file coords.cif (mmCIF, N, CA and C atoms)
data_final
loop_
_atom_site.label_atom_id
_atom_site.label_comp_id
_atom_site.auth_asym_id
_atom_site.auth_seq_id
_atom_site.Cartn_x
_atom_site.Cartn_y
_atom_site.Cartn_z
N MET A 1069 67.25 71.11 60.62
CA MET A 1069 66.58 71.37 59.38
C MET A 1069 66.87 72.81 58.96
N VAL A 1070 67.18 73.01 57.71
CA VAL A 1070 67.54 74.32 57.19
C VAL A 1070 66.28 75.00 56.66
N ASP A 1071 66.09 76.23 57.07
CA ASP A 1071 64.94 77.01 56.62
C ASP A 1071 65.38 77.80 55.38
N TYR A 1072 65.07 77.28 54.20
CA TYR A 1072 65.51 77.88 52.95
C TYR A 1072 64.82 79.21 52.67
N GLN A 1073 63.61 79.35 53.13
CA GLN A 1073 62.89 80.60 52.93
C GLN A 1073 63.58 81.74 53.70
N TYR A 1074 64.04 81.44 54.91
CA TYR A 1074 64.75 82.43 55.70
C TYR A 1074 66.08 82.79 55.03
N LEU A 1075 66.80 81.79 54.52
CA LEU A 1075 68.07 82.06 53.86
C LEU A 1075 67.88 82.89 52.61
N ASP A 1076 66.81 82.63 51.85
CA ASP A 1076 66.51 83.42 50.65
C ASP A 1076 66.20 84.86 51.04
N PHE A 1077 65.42 85.05 52.09
CA PHE A 1077 65.10 86.39 52.58
C PHE A 1077 66.37 87.11 53.02
N LYS A 1078 67.23 86.38 53.72
CA LYS A 1078 68.48 86.97 54.22
C LYS A 1078 69.37 87.41 53.05
N ASN A 1079 69.46 86.60 52.00
CA ASN A 1079 70.27 86.97 50.84
C ASN A 1079 69.67 88.15 50.10
N THR A 1080 68.34 88.20 50.00
CA THR A 1080 67.68 89.32 49.34
C THR A 1080 67.94 90.61 50.09
N MET A 1081 67.86 90.56 51.40
CA MET A 1081 68.11 91.75 52.20
C MET A 1081 69.57 92.19 52.11
N LYS A 1082 70.47 91.23 51.98
CA LYS A 1082 71.89 91.56 51.86
C LYS A 1082 72.16 92.31 50.56
N THR A 1083 71.55 91.88 49.46
CA THR A 1083 71.77 92.58 48.20
C THR A 1083 71.12 93.97 48.22
N LYS A 1084 69.95 94.09 48.84
CA LYS A 1084 69.33 95.42 48.96
C LYS A 1084 70.18 96.33 49.83
N ARG A 1085 70.74 95.78 50.90
CA ARG A 1085 71.60 96.56 51.79
C ARG A 1085 72.84 97.05 51.04
N ASN A 1086 73.42 96.18 50.20
CA ASN A 1086 74.60 96.58 49.45
C ASN A 1086 74.26 97.68 48.45
N LYS A 1087 73.10 97.59 47.81
CA LYS A 1087 72.70 98.63 46.86
C LYS A 1087 72.48 99.96 47.57
N LEU A 1088 71.86 99.93 48.75
CA LEU A 1088 71.66 101.16 49.52
C LEU A 1088 73.00 101.77 49.94
N LEU A 1089 73.94 100.93 50.32
CA LEU A 1089 75.26 101.44 50.70
C LEU A 1089 75.96 102.10 49.53
N VAL A 1090 75.81 101.54 48.34
CA VAL A 1090 76.42 102.14 47.16
C VAL A 1090 75.79 103.50 46.88
N VAL A 1091 74.47 103.60 47.01
CA VAL A 1091 73.79 104.88 46.78
C VAL A 1091 74.26 105.92 47.80
N ILE A 1092 74.35 105.52 49.07
CA ILE A 1092 74.81 106.45 50.10
C ILE A 1092 76.26 106.86 49.86
N ASP A 1093 77.10 105.94 49.42
CA ASP A 1093 78.49 106.27 49.10
C ASP A 1093 78.58 107.26 47.96
N ILE A 1094 77.77 107.07 46.94
CA ILE A 1094 77.76 108.00 45.80
C ILE A 1094 77.31 109.39 46.26
N LEU A 1095 76.27 109.44 47.11
CA LEU A 1095 75.83 110.72 47.65
C LEU A 1095 76.92 111.41 48.46
N ALA A 1096 77.68 110.63 49.23
CA ALA A 1096 78.77 111.20 50.03
C ALA A 1096 79.87 111.76 49.13
N VAL A 1097 80.20 111.05 48.06
CA VAL A 1097 81.24 111.54 47.14
C VAL A 1097 80.76 112.81 46.43
N LEU A 1098 79.49 112.83 46.01
CA LEU A 1098 78.96 114.04 45.36
C LEU A 1098 78.93 115.21 46.33
N LEU A 1099 78.57 114.97 47.58
CA LEU A 1099 78.57 116.03 48.58
C LEU A 1099 79.99 116.52 48.84
N PHE A 1100 80.94 115.60 48.87
CA PHE A 1100 82.35 115.99 49.05
C PHE A 1100 82.81 116.86 47.89
N ALA A 1101 82.45 116.48 46.67
CA ALA A 1101 82.84 117.26 45.49
C ALA A 1101 82.16 118.64 45.51
N ALA A 1102 80.91 118.68 45.95
CA ALA A 1102 80.18 119.95 46.00
C ALA A 1102 80.74 120.88 47.07
N THR A 1103 81.39 120.31 48.08
CA THR A 1103 81.95 121.12 49.16
C THR A 1103 82.98 122.10 48.64
N PHE A 1104 83.74 121.72 47.65
CA PHE A 1104 84.81 122.57 47.12
C PHE A 1104 84.39 123.30 45.84
N SER A 1105 83.11 123.28 45.52
CA SER A 1105 82.62 123.96 44.34
C SER A 1105 82.30 125.42 44.69
N PRO A 1106 82.11 126.25 43.68
CA PRO A 1106 81.76 127.66 43.95
C PRO A 1106 80.40 127.85 44.61
N PHE A 1107 79.57 126.81 44.66
CA PHE A 1107 78.29 126.94 45.35
C PHE A 1107 78.49 127.07 46.86
N VAL A 1108 79.50 126.40 47.39
CA VAL A 1108 79.76 126.44 48.83
C VAL A 1108 80.81 127.49 49.17
N ILE A 1109 81.85 127.57 48.36
CA ILE A 1109 82.92 128.52 48.62
C ILE A 1109 82.97 129.53 47.47
N PRO A 1110 82.21 130.62 47.56
CA PRO A 1110 82.25 131.61 46.49
C PRO A 1110 83.60 132.34 46.50
N ALA A 1111 84.08 132.66 45.32
CA ALA A 1111 85.41 133.28 45.19
C ALA A 1111 85.39 134.73 45.66
N GLY A 1112 86.08 135.01 46.76
CA GLY A 1112 86.27 136.36 47.24
C GLY A 1112 85.02 137.07 47.74
N GLU A 1113 84.01 136.35 48.16
CA GLU A 1113 82.79 136.98 48.64
C GLU A 1113 82.49 136.55 50.07
N ILE A 1114 82.16 137.53 50.90
CA ILE A 1114 81.63 137.22 52.22
C ILE A 1114 80.31 137.96 52.42
N ASP A 1115 79.87 138.62 51.37
CA ASP A 1115 78.72 139.49 51.45
C ASP A 1115 77.40 138.81 51.78
N PRO A 1116 77.02 137.72 51.11
CA PRO A 1116 75.70 137.19 51.45
C PRO A 1116 75.69 136.62 52.87
N PHE A 1117 74.69 137.01 53.64
CA PHE A 1117 74.53 136.52 55.00
C PHE A 1117 73.20 135.80 55.13
N ILE A 1118 73.21 134.66 55.80
CA ILE A 1118 71.99 133.89 56.07
C ILE A 1118 71.88 133.75 57.58
N PHE A 1119 70.81 134.28 58.14
CA PHE A 1119 70.58 134.26 59.60
C PHE A 1119 71.75 134.89 60.36
N GLY A 1120 72.36 135.92 59.81
CA GLY A 1120 73.45 136.62 60.47
C GLY A 1120 74.79 135.94 60.37
N VAL A 1121 74.86 134.85 59.63
CA VAL A 1121 76.10 134.10 59.47
C VAL A 1121 76.50 134.19 58.00
N SER A 1122 77.81 134.28 57.76
CA SER A 1122 78.25 134.39 56.37
C SER A 1122 77.85 133.14 55.58
N TYR A 1123 77.66 133.33 54.29
CA TYR A 1123 77.19 132.27 53.41
C TYR A 1123 78.10 131.05 53.46
N THR A 1124 79.41 131.27 53.44
CA THR A 1124 80.36 130.16 53.43
C THR A 1124 80.27 129.35 54.72
N MET A 1125 80.15 130.03 55.84
CA MET A 1125 80.05 129.31 57.11
C MET A 1125 78.72 128.56 57.22
N PHE A 1126 77.64 129.18 56.75
CA PHE A 1126 76.33 128.53 56.81
C PHE A 1126 76.30 127.28 55.93
N THR A 1127 76.82 127.37 54.71
CA THR A 1127 76.82 126.18 53.83
C THR A 1127 77.79 125.12 54.34
N GLY A 1128 78.90 125.53 54.97
CA GLY A 1128 79.80 124.56 55.59
C GLY A 1128 79.12 123.80 56.71
N LEU A 1129 78.34 124.50 57.52
CA LEU A 1129 77.58 123.86 58.58
C LEU A 1129 76.53 122.91 57.99
N LEU A 1130 75.88 123.35 56.94
CA LEU A 1130 74.88 122.51 56.27
C LEU A 1130 75.51 121.24 55.69
N VAL A 1131 76.67 121.37 55.09
CA VAL A 1131 77.38 120.20 54.55
C VAL A 1131 77.75 119.24 55.67
N SER A 1132 78.19 119.77 56.80
CA SER A 1132 78.54 118.92 57.94
C SER A 1132 77.32 118.16 58.46
N VAL A 1133 76.18 118.84 58.54
CA VAL A 1133 74.96 118.19 58.99
C VAL A 1133 74.56 117.09 58.00
N LEU A 1134 74.71 117.36 56.71
CA LEU A 1134 74.37 116.34 55.71
C LEU A 1134 75.29 115.11 55.82
N PHE A 1135 76.58 115.33 56.12
CA PHE A 1135 77.48 114.19 56.32
C PHE A 1135 77.09 113.38 57.55
N VAL A 1136 76.65 114.05 58.61
CA VAL A 1136 76.19 113.33 59.80
C VAL A 1136 74.95 112.50 59.48
N ILE A 1137 74.04 113.06 58.70
CA ILE A 1137 72.84 112.32 58.30
C ILE A 1137 73.21 111.10 57.45
N LEU A 1138 74.16 111.27 56.53
CA LEU A 1138 74.60 110.12 55.72
C LEU A 1138 75.25 109.05 56.60
N ALA A 1139 76.04 109.46 57.58
CA ALA A 1139 76.66 108.48 58.48
C ALA A 1139 75.60 107.74 59.30
N PHE A 1140 74.56 108.45 59.72
CA PHE A 1140 73.47 107.83 60.45
C PHE A 1140 72.74 106.81 59.56
N LEU A 1141 72.52 107.17 58.29
CA LEU A 1141 71.87 106.24 57.37
C LEU A 1141 72.71 104.98 57.16
N VAL A 1142 74.02 105.14 57.08
CA VAL A 1142 74.89 103.97 56.94
C VAL A 1142 74.78 103.08 58.17
N SER A 1143 74.70 103.69 59.35
CA SER A 1143 74.58 102.88 60.55
C SER A 1143 73.24 102.14 60.60
N LEU A 1144 72.18 102.76 60.06
CA LEU A 1144 70.89 102.08 60.00
C LEU A 1144 70.90 100.93 59.01
N VAL A 1145 71.54 101.14 57.86
CA VAL A 1145 71.59 100.10 56.83
C VAL A 1145 72.44 98.92 57.29
N ASN A 1146 73.49 99.18 58.03
CA ASN A 1146 74.41 98.12 58.45
C ASN A 1146 73.96 97.40 59.73
N LYS A 1147 72.82 97.79 60.28
CA LYS A 1147 72.35 97.15 61.50
C LYS A 1147 72.01 95.69 61.21
N GLU A 1148 72.54 94.81 61.98
CA GLU A 1148 72.34 93.37 61.79
C GLU A 1148 71.17 92.88 62.62
N ILE A 1149 70.45 91.91 62.09
CA ILE A 1149 69.36 91.29 62.83
C ILE A 1149 69.93 90.37 63.90
N GLU A 1150 70.93 89.60 63.53
CA GLU A 1150 71.57 88.67 64.45
C GLU A 1150 72.80 89.33 65.05
N HIS A 1151 72.89 89.33 66.37
CA HIS A 1151 74.03 89.92 67.06
C HIS A 1151 75.04 88.84 67.41
N ALA A 1152 76.24 89.26 67.69
CA ALA A 1152 77.32 88.33 67.98
C ALA A 1152 77.15 87.68 69.35
N ASP A 1153 76.44 88.31 70.25
CA ASP A 1153 76.32 87.75 71.60
C ASP A 1153 75.17 86.84 71.66
#
call {"tool": "encode", "arguments": {"input": "coords.cif", "output": "structure tokens"}}
result
Amino acid sequence: MVDYQYLDFKNTMKTKRNKLLVVIDILAVLLFAATFSPFVIPAGEIDPFIFGVSYTMFTGLLVSVLFVILAFLVSLVNKEIEHAD
């Protein structure tokens, strides 16, 4: 016997998962574009220091941490209820 309520729930979750993945992808592309903007790489300046680290290095580290967080979110969204084994 086919459980139609479960199949409907599964399809609803699949569309929500796809929408979340699109949002995360857009955030990743925007973060990638911001990485090469003057906000992260100021032209010819090393003067501002944050916690003893130059501004460019600090924002580069921050961008890397944000990419790791986005990758973690993708892994959470792609987690399957049913496993192959």
call {"tool": "residues_around", "arguments": {"input": "coords.cif", "residues": "stretch 1101-1108 of chain A", "least_positions_apart": "4", "cutoff": "8 Å", "atoms": "only N, CA and C atoms", "output": "list in words"}}
result
Leu1095, Ala1096, Val1097, Tyr1123, Thr1124, Met1125, Phe1126, Thr1127, Gly1128 and Val1131 of chain A
call {"tool": "residues_around", "arguments": {"input": "coords.cif", "residues": "A:Ala1139", "least_positions_apart": "5", "cutoff": "10 Å", "atoms": "only C-alpha atoms", "output": "NGL selection string"}}
result
:A and (1092-1093 or 1096 or 1133-1134 or 1144-1145)
call {"tool": "atom_distance", "arguments": {"input": "coords.cif", "atom1": "atom N of A:Ile1137", "atom2": "atom N of A:Leu1088"}}
result
16.6 Å
call {"tool": "atom_distance", "arguments": {"input": "coords.cif", "atom1": "atom CA of A:Leu1089", "atom2": "atom CA of A:Leu1129"}}
result
23.9 Å
call {"tool": "atom_distance", "arguments": {"input": "coords.cif", "atom1": "atom N of A:Gly1112", "atom2": "atom C of A:Phe1135"}}
result
25.8 Å
call {"tool": "select_by_dssp", "arguments": {"input": "coords.cif", "residues": "stretch 1101-1142 of chain A", "states": "strand (DSSP E)", "output": "VMD selection string"}}
result
chain A and resid 1117 to 1118 1121 to 1122
call {"tool": "write_last_selection", "arguments": {"input": "coords.cif", "atoms": "N, CA and C atoms", "output": "mmCIF file, in the coordinates of the input"}}
result
data_model
loop_
_atom_site.group_PDB
_atom_site.id
_atom_site.type_symbol
_atom_site.label_atom_id
_atom_site.label_comp_id
_atom_site.auth_asym_id
_atom_site.auth_seq_id
_atom_site.Cartn_x
_atom_site.Cartn_y
_atom_site.Cartn_z
ATOM 1 N N PHE A 1117 74.690 137.010 53.640
ATOM 2 C CA PHE A 1117 74.530 136.520 55.000
ATOM 3 C C PHE A 1117 73.200 135.800 55.130
ATOM 4 N N ILE A 1118 73.210 134.660 55.800
ATOM 5 C CA ILE A 1118 71.990 133.890 56.070
ATOM 6 C C ILE A 1118 71.880 133.750 57.580
ATOM 7 N N VAL A 1121 74.860 134.850 59.630
ATOM 8 C CA VAL A 1121 76.100 134.100 59.470
ATOM 9 C C VAL A 1121 76.500 134.190 58.000
ATOM 10 N N SER A 1122 77.810 134.280 57.760
ATOM 11 C CA SER A 1122 78.250 134.390 56.370
ATOM 12 C C SER A 1122 77.850 133.140 55.580
#
call {"tool": "closest_residue", "arguments": {"input": "coords.cif", "among": "A:Phe1117, A:Ile1094, A:Leu1099, A:Asn1086", "to": "A:Val1136", "atoms": "only C-alpha atoms"}}
result
A:Leu1099
